[in-house]
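Visitor: Here's a structure for you.
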Amino acid sequence: MSEPATEALCPQRWSLDGTWSLAFGLDAAPAPADPAALAGCGWPVVPAAVPGNVELDLVRAGLLAEPFYAANIEALRPLEFNQWWYRREFPSPEYPTGHGLDLVFEGLDCFATVWVNGVRVGDSANAMVAQRFAVGAALAPAGQPNELVVRLRSAVNAVRDIPLGPRDAAQTHAYDSLWARKPAHAYGWDIMPRAVSAGLWRPVYLEERRPTELTEVFITTRSADASQALLDVNAHFRTDTAVLDGFELRVTGRCGASVFEARQPLYFTAAKLSIHVPSPRLWWPRGYGAADLYETTVELWHQGRAVSRWTCRLGIRTVRLDRTPLCTPDHPGRFQFYINGERIFCKGSNWVPADAFHSRDAARIPDMLALFADMGCNMVRCWGGNVYEPHLFYDLCDRDGIMVWQDFSMACASYPQEAAFQDALRREADWVVRELRQHAAIVLWSGDNECDCGYVGWWGAPLDPAQNRLTRHVLPEVVSSLDPSRPYLPSSPFVSPEMFARGGDQHLGPEQHLWGPRDYYKSDYYARNTACFASEMGYHGCPNVASIRRFISPAAVWPWQDNHEWLVHSTDPMIGISSIRYRIQLMADQLMEVFGLIPADLETFTLASQIVQAEAKKFFVEIFRQQKWRTSGILWWNMIDGWPQFSDAVVDYYFGRKLAYHYLKRVHTPVCIIVGEPESWNCRVTACNDSREPVQGRFSIRDADTGATVLAGTLALPANANAGLGHLRTPRGVQKLFLIEWDANGVHGVNHYLLGTPPFDLESYRRWLPQIAALDGSFDAAQVGQ
């Protein structure tokens with residue numbers, strides 16, 4: 001084990017990643033209970049990768065077929081009842097006398113016991129937060145070998161004897177998820193397979209614990225505008241020094257030519273100071289300005305020398321969420337984010353698991369987030385059925401100006417209210433908020449995903465969500481204590497007391513999840529929705545044919561009807577139990593709705609499905625943008641899959657872009673021209689400007705069949721506002737395609753509008769598709785769906 005390259009003022013780390021050994025067997029008597037008993041049990045032993053997941057180790061060892069292919073994911077069910085024993089040896093590092101040493105698991109999934117040289121050093125029961133154990137006393141002398149052993153119990157068995165209360169509820173196939181602090185999707189979802197995994201899924205390392213060092217630093221923006229910002233610095237340190245004299249805190253930050261610095265003597269282990277930053281370079285969401293970050297250093301000095309250092313990339317910005325408890329005709333609603341005092345129109349997508357096996361997340365995250373940046377998303381919602389992402393994710397969002405809506409990890413369930421569960425969730429939230437709060441990109445903490453909806457109708461007689469102590473007491477208390485300047489939303493969608501008094505329908509609120517009947521995408525449910533902000537809204541689309549052939553076996557590629565593999569990848573996580581079987585038929589129904597036919601071959605089926613999805617999602621964004629500021633944002637579902645499947649994602653698991661990706665990228669541009677639906681013989685043409693700069697330019701709209709220009713003129717848009725450009729006179733009874741182009745402040749933009757009511761002629765659309773593609777050359781029409 002090599003010495004790490006570290007700065008002298010920061011704790012040293014020694015990585016324990018790499019190849020371990022993995023033994024496994026049924027988690028039932030007479031299973032071993034400690035390392036000594038493991039030696040004689042005769043269980044299989046295979047090499048294991050750390051970070052890793054046990055299923056991937058079994059695949060590499062030839063003991064398990066590739067889980068993402070065909071229906072192989074169903075073979076994971078028996079593995080849920082195993083226990084897993086990781087083992088490795090490592091030499092004791094050299095570190096100064098008087099310093100401590102911690103063993104850190106950034107991802108320990110899930111019910112774990114840890115031994116060092118036969119000494120039990122700790123236990124854990126949360127897969128989503130880091131676990132830290134003091135191990136210095138258990139280690140051999142420097143340079144001598146040590147044995148590290150980790151037992152992971154079956155997550156299903158670990159909770160099987162905990163009784164569920166009468167109000168505890170989950171999806172039929174996922175009751176075992178309620179008491180286990182694992183991501184909810186692992187138990188099966190309509191977007192993820194059931195893979196109740198185990199593993200050391202994030203890095204493992206030893207970390208030096210110094211007797212004198214900074215233990216916590218948090219810098220917040222109290223106020224900010226173009227002339228001045230006021231920062232508050234909160235810091236804490238520990239020391240074994242008997243007399244607290246001679247300590248000083250020094251803070252410096254730089255972003256280009258903008259610099260700030262401050263010093264303060266310390267007479268206690270806590271420090272608070274304020275810093276004025278003249279003419280600050282503010283952090284702005286994408287499209288509204290630069291996402292400026294200050295390289296910031298906080299140092300603890302003692303007796304004239306630096307002894308500890310903490311660094312971050314600091315975004316100076318303020319955030320406020322203006323929301324109302326109702327959105328009805330008599331109580332018009334608002335759900336509006338303000339960054340640095342400026343109203344922001346939010347455009348983006350939901351972030352679902354990067355991979356069903358989370359040890360692969362880190363390798364996928366940069367390319368996944370690059371899709372958000374490329375598309376011009378200024379917000380991503382981290383959905384509550386997932387894990388908490390690593391700093392890498394938030395660092396990239398900080399850099400790229402992508403605001404993060406962060407759910408706590410609970411979804412679509414009524415979680416236990418017992419004191420033990422409240423305590424476990426409080427510890428989890430305490431870690432999450434402390435760990436992530438320095439990231440400027442995070443603009444909202446949200447208690448959960450759709451649990452309020454469950455309270456008011458999914459699980460039987462309606463219950464007032466205000467009775468949920470987890471999201472009404474535990475989580476807001478943590479956020480208020482540790483991150484008071486950032487807004488908190490109890491649930492998404494949030495059912496306020498005023499909404500519950502009126503029946504609890506989420507459509508009475510300003511922020512909604514718009515799924516509805518999944519019928520024609522321009523039906524009244526979608527076109528006349530009442531939401532001020534849609535935090536979920538999706539539509540199905542087939543992955544590319546090449547991708548389908550990677551995860552469906554040759555014999556099952558076609559036809560789609562009564563196709564078990566298609567159902568598994570639709571996703572129906574436990575066929576016969578979960579009853580999530582509608583999605584393949586739904587895709588076919590949507591094709592019939594729009595084109596009046598269901599293609600008889602895979603290639604045409606895929607193309608038609610991608611066209612329908614692309615037009616639908618483009619329309620969803622357009623109806624929200626046209627109504628700015630009655631509406632303030634849409635986060636459609638979703639950017640990219642976490643496993644190979646038929647879904648609402650616009651990029652498949654293998655990074656194959658569907659047609660919707662290209663259409664959405666066009667309507668996400670800060671300046672966009674949109675043609676509305678016919679009313680009174682006319683389609684209104686609206687220019688949207690989601691930026692802080694006024695816009696000038698020109699535009700034209702052409703008939704795709706004749707090439708004739710039907711409307712043209714100049715653009716003159718105020719900052720962050722919409723303006724009407726005129727009307728296209730046309731009846732509802734014709735089907736046409738209009739091609740839209742504009743130049744605004746020197747930037748070229750394009751869009752199109754499909755006029756008419758279904759059924760549309762698929763062959764006509766295929767003839768139009770090359771013209772749509774040629775508007776900016778961003779995709780090859782001949783390759784759509786292939």
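Residue names in the structure tokens use chain letters A, B, ... in the order shown, residue numbers from 1 in each chain, and ligand numbers from 1 in the order shown.
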For range 451-463 of chain A, find every residue with an atom within 10 Å (counting only C-alpha atoms), except residues of its own chain fewer than 5 positions away, and show them as a PyMOL selection string.
Guide: chain A and resi 167-171+384+410-415+468+471+490-496+500+503-506
Visitor: Determine, counting only C-alpha atoms, which protein, DNA and RNA residues have an atom within 10 Å of an atom of range 92-102 of chain A; residues of the same chain fewer than 4 positions away are not included. Present the result as a PDB file with N, CA and C atoms, in the first residue's frame.
Guide:
ATOM      1  N   MET A   1       0.858  -1.188   0.000  1.00  0.00           N
ATOM      2  CA  MET A   1       0.000   0.000   0.000  1.00  0.00           C
ATOM      3  C   MET A   1       0.888   1.229   0.000  1.00  0.00           C
ATOM      4  N   SER A   2       0.815   2.056  -1.051  1.00  0.00           N
ATOM      5  CA  SER A   2       1.707   3.204  -1.193  1.00  0.00           C
ATOM      6  C   SER A   2       1.214   4.387  -0.385  1.00  0.00           C
ATOM      7  N   GLU A   3       2.167   5.262  -0.033  1.00  0.00           N
ATOM      8  CA  GLU A   3       1.834   6.489   0.677  1.00  0.00           C
ATOM      9  C   GLU A   3       1.089   7.432  -0.267  1.00  0.00           C
ATOM     10  N   PRO A  11      -5.284  15.946   6.404  1.00  0.00           N
ATOM     11  CA  PRO A  11      -5.086  14.575   6.887  1.00  0.00           C
ATOM     12  C   PRO A  11      -4.631  13.648   5.764  1.00  0.00           C
ATOM     13  N   GLN A  12      -3.743  12.735   6.082  1.00  0.00           N
ATOM     14  CA  GLN A  12      -3.315  11.730   5.117  1.00  0.00           C
ATOM     15  C   GLN A  12      -4.380  10.652   4.977  1.00  0.00           C
ATOM     16  N   ARG A  13      -4.421  10.065   3.767  1.00  0.00           N
ATOM     17  CA  ARG A  13      -5.311   8.945   3.490  1.00  0.00           C
ATOM     18  C   ARG A  13      -4.514   7.821   2.847  1.00  0.00           C
ATOM     19  N   TRP A  14      -4.911   6.577   3.169  1.00  0.00           N
ATOM     20  CA  TRP A  14      -4.320   5.397   2.559  1.00  0.00           C
ATOM     21  C   TRP A  14      -5.446   4.541   1.991  1.00  0.00           C
ATOM     22  N   GLN A 131     -19.457   5.634   6.593  1.00  0.00           N
ATOM     23  CA  GLN A 131     -19.302   5.053   7.920  1.00  0.00           C
ATOM     24  C   GLN A 131     -17.836   5.202   8.327  1.00  0.00           C
ATOM     25  N   ARG A 132     -17.620   5.594   9.580  1.00  0.00           N
ATOM     26  CA  ARG A 132     -16.270   5.878  10.069  1.00  0.00           C
ATOM     27  C   ARG A 132     -16.062   5.154  11.401  1.00  0.00           C
ATOM     28  N   PHE A 133     -14.953   4.400  11.491  1.00  0.00           N
ATOM     29  CA  PHE A 133     -14.653   3.641  12.694  1.00  0.00           C
ATOM     30  C   PHE A 133     -13.218   3.949  13.140  1.00  0.00           C
ATOM     31  N   ALA A 134     -13.053   4.234  14.422  1.00  0.00           N
ATOM     32  CA  ALA A 134     -11.713   4.442  14.972  1.00  0.00           C
ATOM     33  C   ALA A 134     -11.022   3.089  15.113  1.00  0.00           C
ATOM     34  N   VAL A 135      -9.860   2.929  14.486  1.00  0.00           N
ATOM     35  CA  VAL A 135      -9.231   1.610  14.440  1.00  0.00           C
ATOM     36  C   VAL A 135      -7.771   1.622  14.884  1.00  0.00           C
ATOM     37  N   GLY A 136      -7.262   2.782  15.281  1.00  0.00           N
ATOM     38  CA  GLY A 136      -5.837   2.859  15.617  1.00  0.00           C
ATOM     39  C   GLY A 136      -5.398   1.834  16.625  1.00  0.00           C
ATOM     40  N   ALA A 137      -6.215   1.617  17.659  1.00  0.00           N
ATOM     41  CA  ALA A 137      -5.818   0.695  18.735  1.00  0.00           C
ATOM     42  C   ALA A 137      -5.815  -0.754  18.274  1.00  0.00           C
ATOM     43  N   ALA A 138      -6.548  -1.058  17.196  1.00  0.00           N
ATOM     44  CA  ALA A 138      -6.636  -2.445  16.741  1.00  0.00           C
ATOM     45  C   ALA A 138      -5.550  -2.813  15.747  1.00  0.00           C
ATOM     46  N   LEU A 139      -4.782  -1.844  15.268  1.00  0.00           N
ATOM     47  CA  LEU A 139      -3.804  -2.099  14.219  1.00  0.00           C
ATOM     48  C   LEU A 139      -2.494  -2.646  14.761  1.00  0.00           C
ATOM     49  N   ALA A 140      -1.814  -3.388  13.914  1.00  0.00           N
ATOM     50  CA  ALA A 140      -0.450  -3.859  14.214  1.00  0.00           C
ATOM     51  C   ALA A 140       0.520  -2.684  14.113  1.00  0.00           C
ATOM     52  N   PRO A 141       1.741  -2.841  14.594  1.00  0.00           N
ATOM     53  CA  PRO A 141       2.739  -1.767  14.448  1.00  0.00           C
ATOM     54  C   PRO A 141       2.969  -1.401  12.989  1.00  0.00           C
ATOM     55  N   ALA A 142       3.511  -0.226  12.778  1.00  0.00           N
ATOM     56  CA  ALA A 142       3.738   0.291  11.428  1.00  0.00           C
ATOM     57  C   ALA A 142       4.508  -0.712  10.571  1.00  0.00           C
ATOM     58  N   GLY A 143       3.982  -0.927   9.359  1.00  0.00           N
ATOM     59  CA  GLY A 143       4.606  -1.838   8.422  1.00  0.00           C
ATOM     60  C   GLY A 143       4.204  -3.277   8.555  1.00  0.00           C
ATOM     61  N   GLN A 144       3.536  -3.634   9.672  1.00  0.00           N
ATOM     62  CA  GLN A 144       3.132  -5.011   9.907  1.00  0.00           C
ATOM     63  C   GLN A 144       1.754  -5.268   9.281  1.00  0.00           C
ATOM     64  N   PRO A 145       1.439  -6.523   8.927  1.00  0.00           N
ATOM     65  CA  PRO A 145       0.168  -6.822   8.255  1.00  0.00           C
ATOM     66  C   PRO A 145      -1.021  -6.794   9.216  1.00  0.00           C
ATOM     67  N   ASN A 146      -2.170  -6.464   8.646  1.00  0.00           N
ATOM     68  CA  ASN A 146      -3.440  -6.461   9.358  1.00  0.00           C
ATOM     69  C   ASN A 146      -4.470  -7.206   8.519  1.00  0.00           C
ATOM     70  N   TYR A 205     -10.891   3.573   2.841  1.00  0.00           N
ATOM     71  CA  TYR A 205      -9.546   4.087   3.113  1.00  0.00           C
ATOM     72  C   TYR A 205      -9.345   4.286   4.611  1.00  0.00           C
ATOM     73  N   LEU A 206      -8.087   4.375   4.980  1.00  0.00           N
ATOM     74  CA  LEU A 206      -7.698   4.814   6.311  1.00  0.00           C
ATOM     75  C   LEU A 206      -7.432   6.310   6.255  1.00  0.00           C
ATOM     76  N   GLU A 207      -7.851   7.026   7.283  1.00  0.00           N
ATOM     77  CA  GLU A 207      -7.635   8.475   7.299  1.00  0.00           C
ATOM     78  C   GLU A 207      -7.081   8.894   8.654  1.00  0.00           C
ATOM     79  N   GLU A 208      -6.055   9.686   8.576  1.00  0.00           N
ATOM     80  CA  GLU A 208      -5.413  10.216   9.778  1.00  0.00           C
ATOM     81  C   GLU A 208      -6.361  11.178  10.492  1.00  0.00           C
ATOM     82  N   ARG A 209      -6.378  11.079  11.820  1.00  0.00           N
ATOM     83  CA  ARG A 209      -7.138  12.016  12.645  1.00  0.00           C
ATOM     84  C   ARG A 209      -6.159  12.772  13.509  1.00  0.00           C
ATOM     85  N   ARG A 210      -5.970  14.053  13.208  1.00  0.00           N
ATOM     86  CA  ARG A 210      -4.945  14.847  13.873  1.00  0.00           C
ATOM     87  C   ARG A 210      -5.462  15.425  15.180  1.00  0.00           C
ATOM     88  N   PRO A 211      -4.596  15.588  16.151  1.00  0.00           N
ATOM     89  CA  PRO A 211      -5.049  16.120  17.444  1.00  0.00           C
ATOM     90  C   PRO A 211      -5.485  17.581  17.350  1.00  0.00           C
ATOM     91  N   THR A 212      -4.948  18.328  16.392  1.00  0.00           N
ATOM     92  CA  THR A 212      -5.392  19.699  16.171  1.00  0.00           C
ATOM     93  C   THR A 212      -5.714  19.849  14.692  1.00  0.00           C
ATOM     94  N   ASP A 240      -5.790  19.166  21.140  1.00  0.00           N
ATOM     95  CA  ASP A 240      -5.419  18.618  22.443  1.00  0.00           C
ATOM     96  C   ASP A 240      -4.589  19.620  23.237  1.00  0.00           C
TER      97      ASP A 240
END
Visitor: At what distance in Å, to one decimal, does CA of Met379 in chain A lie from CA of Trp201 in chain A?
Guide: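 We find that CA of Trp201 in chain A and CA of Met379 in chain A lie 27.0 Å from each other.
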Visitor: Please report, as a Markdown table, each residue of range 316-373 of chain A lying at most 8 Å from range 44-68 of chain A, together with the nearest pair of atoms and the separation in Å rounded to one decimal; use only C-alpha atoms, and order rows by chain and ascending residue number.
Guide:
| residue | atom | partner | partner_atom | distance |
| --- | --- | --- | --- | --- |
| A:Phe357 | CA | A:Asn53 | CA | 6.4 |
| A:His358 | CA | A:Asn53 | CA | 7.5 |
| A:Ser359 | CA | A:Gly52 | CA | 4.9 |
| A:Arg360 | CA | A:Gly52 | CA | 7.7 |
Visitor: Could you please take those selected residues and save all heavy atoms as a PDB file, in the first residue's frame?
Guide:
ATOM      1  N   PHE A 357     -26.259  -0.951 -10.250  1.00  0.00           N
ATOM      2  CA  PHE A 357     -25.161  -1.332  -9.363  1.00  0.00           C
ATOM      3  C   PHE A 357     -24.305  -0.093  -9.136  1.00  0.00           C
ATOM      4  O   PHE A 357     -23.548   0.334 -10.014  1.00  0.00           O
ATOM      5  CB  PHE A 357     -24.360  -2.485  -9.967  1.00  0.00           C
ATOM      6  CG  PHE A 357     -25.189  -3.711 -10.216  1.00  0.00           C
ATOM      7  CD1 PHE A 357     -25.411  -4.166 -11.502  1.00  0.00           C
ATOM      8  CD2 PHE A 357     -25.782  -4.389  -9.162  1.00  0.00           C
ATOM      9  CE1 PHE A 357     -26.191  -5.285 -11.730  1.00  0.00           C
ATOM     10  CE2 PHE A 357     -26.572  -5.508  -9.378  1.00  0.00           C
ATOM     11  CZ  PHE A 357     -26.781  -5.955 -10.671  1.00  0.00           C
ATOM     12  N   HIS A 358     -24.414   0.475  -7.957  1.00  0.00           N
ATOM     13  CA  HIS A 358     -23.927   1.832  -7.740  1.00  0.00           C
ATOM     14  C   HIS A 358     -22.411   1.959  -7.699  1.00  0.00           C
ATOM     15  O   HIS A 358     -21.888   3.071  -7.754  1.00  0.00           O
ATOM     16  CB  HIS A 358     -24.550   2.402  -6.464  1.00  0.00           C
ATOM     17  CG  HIS A 358     -25.985   2.783  -6.653  1.00  0.00           C
ATOM     18  ND1 HIS A 358     -26.361   3.853  -7.433  1.00  0.00           N
ATOM     19  CD2 HIS A 358     -27.134   2.227  -6.188  1.00  0.00           C
ATOM     20  CE1 HIS A 358     -27.683   3.952  -7.430  1.00  0.00           C
ATOM     21  NE2 HIS A 358     -28.174   2.969  -6.699  1.00  0.00           N
ATOM     22  N   SER A 359     -21.691   0.861  -7.647  1.00  0.00           N
ATOM     23  CA  SER A 359     -20.232   0.992  -7.722  1.00  0.00           C
ATOM     24  C   SER A 359     -19.801   1.511  -9.094  1.00  0.00           C
ATOM     25  O   SER A 359     -18.671   1.975  -9.254  1.00  0.00           O
ATOM     26  CB  SER A 359     -19.559  -0.360  -7.450  1.00  0.00           C
ATOM     27  OG  SER A 359     -19.911  -1.318  -8.426  1.00  0.00           O
ATOM     28  N   ARG A 360     -20.697   1.458 -10.084  1.00  0.00           N
ATOM     29  CA  ARG A 360     -20.372   1.946 -11.431  1.00  0.00           C
ATOM     30  C   ARG A 360     -20.793   3.402 -11.632  1.00  0.00           C
ATOM     31  O   ARG A 360     -20.547   3.960 -12.705  1.00  0.00           O
ATOM     32  CB  ARG A 360     -21.026   1.034 -12.480  1.00  0.00           C
ATOM     33  CG  ARG A 360     -20.554  -0.401 -12.374  1.00  0.00           C
ATOM     34  CD  ARG A 360     -20.867  -1.226 -13.597  1.00  0.00           C
ATOM     35  NE  ARG A 360     -22.276  -1.548 -13.750  1.00  0.00           N
ATOM     36  CZ  ARG A 360     -22.726  -2.658 -14.346  1.00  0.00           C
ATOM     37  NH1 ARG A 360     -21.870  -3.535 -14.825  1.00  0.00           N
ATOM     38  NH2 ARG A 360     -24.010  -2.883 -14.482  1.00  0.00           N
TER      39      ARG A 360
END
Visitor: Residues near Thr239 in chain A, anyone? I mean within 12 Å using only C-alpha atoms, not counting same-chain ones fewer than 5 positions away, as a list in words.
Guide: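 My reading of the contact set: Gly98, His99, Arg209, Arg210, Pro211, Thr212, Glu213, Leu214, Thr215, Leu244, Asp245, Phe247, Phe268, Thr269, Ala270, Leu300, Trp301, His302, Val307 and Ser308 of chain A.
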Visitor: When you count only C-alpha atoms, which of these residues is closest to Asp330 in chain A: A:Ala501, A:Ala155, A:Ala39, A:Leu508?
Guide: A:Leu508
Visitor: Can you tell me, as a ChimeraX atom specification, what residues are no more than 6 Å from range 389-397 of chain A when counting only C-alpha atoms, ignoring any on the same chain fewer than 4 positions away?
Guide: /A:401-402,441
Visitor: Using DSSP on the backbone coordinates, identify the residues of range 594-733 of chain A assigned to alpha helix (DSSP H); present them as an MDAnalysis selection string.
Guide: chainID A and resid 594:595 602:626 659:667
Visitor: I'd like the contact shell of range 646-657 of chain A - 6 Å cut-off, only C-alpha atoms, skipping same-chain residues fewer than 4 positions apart - returned as a list in words.
Guide: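 Here the qualifying residues turn out to be Gly538, Tyr539, His540, Gly541, Cys542, Pro543, Ser570, Asn638, Met639, Ile640, Asp641, Gly642 and Tyr661 of chain A.
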Visitor: Using only C-alpha atoms, can you tell me which of A:Gly785, A:Gly188, A:Pro166, A:Gly516 comes closest to Ala614 in chain A?
Guide: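 With only C-alpha atoms as the atom set, the closest residue is A:Gly785.
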Visitor: Report, in Å to a single decimal, how far apart CA of Gly726 in chain A and CA of Gly333 in chain A are.
Guide: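 One can read the CA of Gly333 in chain A to CA of Gly726 in chain A distance as 28.3 Å.
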Visitor: Could you jot down the CA of Thr318 in chain A to CA of Asn350 in chain A separation for me, Å, one decimal place?
Guide: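 Separating CA of Thr318 in chain A from CA of Asn350 in chain A is a distance of 23.0 Å.
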Visitor: Using DSSP on the backbone coordinates, identify the residues of range 449-547 of chain A assigned to strand (DSSP E); present them as an mmCIF file with N, CA and C atoms, in the first residue's frame.
Guide:
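Written output follows (selection06.cif):
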data_model
loop_
_atom_site.group_PDB
_atom_site.id
_atom_site.type_symbol
_atom_site.label_atom_id
_atom_site.label_comp_id
_atom_site.auth_asym_id
_atom_site.auth_seq_id
_atom_site.Cartn_x
_atom_site.Cartn_y
_atom_site.Cartn_z
ATOM 1 N N TYR A 488 -36.635 24.521 2.134
ATOM 2 C CA TYR A 488 -37.009 23.130 2.390
ATOM 3 C C TYR A 488 -38.452 22.935 1.949
ATOM 4 N N LEU A 489 -38.710 21.840 1.245
ATOM 5 C CA LEU A 489 -40.044 21.443 0.800
ATOM 6 C C LEU A 489 -40.346 20.083 1.420
ATOM 7 N N GLU A 511 -46.903 22.998 -7.339
ATOM 8 C CA GLU A 511 -45.879 22.086 -7.865
ATOM 9 C C GLU A 511 -46.493 20.710 -8.002
ATOM 10 N N GLN A 512 -46.427 20.148 -9.213
ATOM 11 C CA GLN A 512 -47.151 18.913 -9.494
ATOM 12 C C GLN A 512 -46.286 17.930 -10.265
ATOM 13 N N HIS A 513 -46.645 16.646 -10.142
ATOM 14 C CA HIS A 513 -46.115 15.592 -10.996
ATOM 15 C C HIS A 513 -47.202 15.253 -12.006
ATOM 16 N N LEU A 514 -46.959 15.543 -13.272
ATOM 17 C CA LEU A 514 -48.000 15.446 -14.295
ATOM 18 C C LEU A 514 -47.824 14.176 -15.121
ATOM 19 N N PHE A 533 -45.349 24.716 -11.590
ATOM 20 C CA PHE A 533 -44.040 24.079 -11.732
ATOM 21 C C PHE A 533 -44.284 22.577 -11.820
ATOM 22 N N ALA A 534 -43.800 21.955 -12.887
ATOM 23 C CA ALA A 534 -43.897 20.496 -13.025
ATOM 24 C C ALA A 534 -42.541 19.895 -12.693
ATOM 25 N N SER A 535 -42.478 19.163 -11.612
ATOM 26 C CA SER A 535 -41.210 18.540 -11.225
ATOM 27 C C SER A 535 -41.086 17.112 -11.747
ATOM 28 N N GLU A 536 -42.148 16.579 -12.332
ATOM 29 C CA GLU A 536 -42.089 15.342 -13.107
ATOM 30 C C GLU A 536 -43.129 15.445 -14.218
ATOM 31 N N MET A 537 -42.756 15.015 -15.426
ATOM 32 C CA MET A 537 -43.672 14.997 -16.558
ATOM 33 C C MET A 537 -42.985 14.226 -17.668
#
Visitor: Using only C-alpha atoms, which protein or nucleic acid residues come within 7 Å of Val251 in chain A? Drop anything in the same chain fewer than 6 positions from it, and give the result as number ranges by chain.
Guide: A: 261-263, 297-299
Visitor: Could you list, as a VMD selection string, every residue within 8 Å of Thr296 in chain A, counting only C-alpha atoms and ignoring same-chain residues fewer than 2 positions away?
Guide: chain A and resid 251 to 254 294 298 311 to 314
Visitor: Name the closest residue to Val387 in chain A among the candidates A:Gln626, A:Ser227, A:Asn126, A:Ser609; distances are taken between atoms, counting only C-alpha atoms.
Guide: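 Of A:Gln626, A:Ser227, A:Asn126, A:Ser609, the one nearest Val387 in chain A, counting only C-alpha atoms, is A:Asn126.
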Visitor: Nearest residue to Ala687 in chain A out of A:Leu178, A:Val116, A:Val675, A:Val478, using only C-alpha atoms?
Guide: A:Val675
Visitor: I need the residue nearest Val671 in chain A from this list: A:Pro285, A:Gly596, A:Gly749, A:Pro759. Use only C-alpha atoms for the distance.
Guide: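 Under the stated criterion, the closest residue is A:Gly749.
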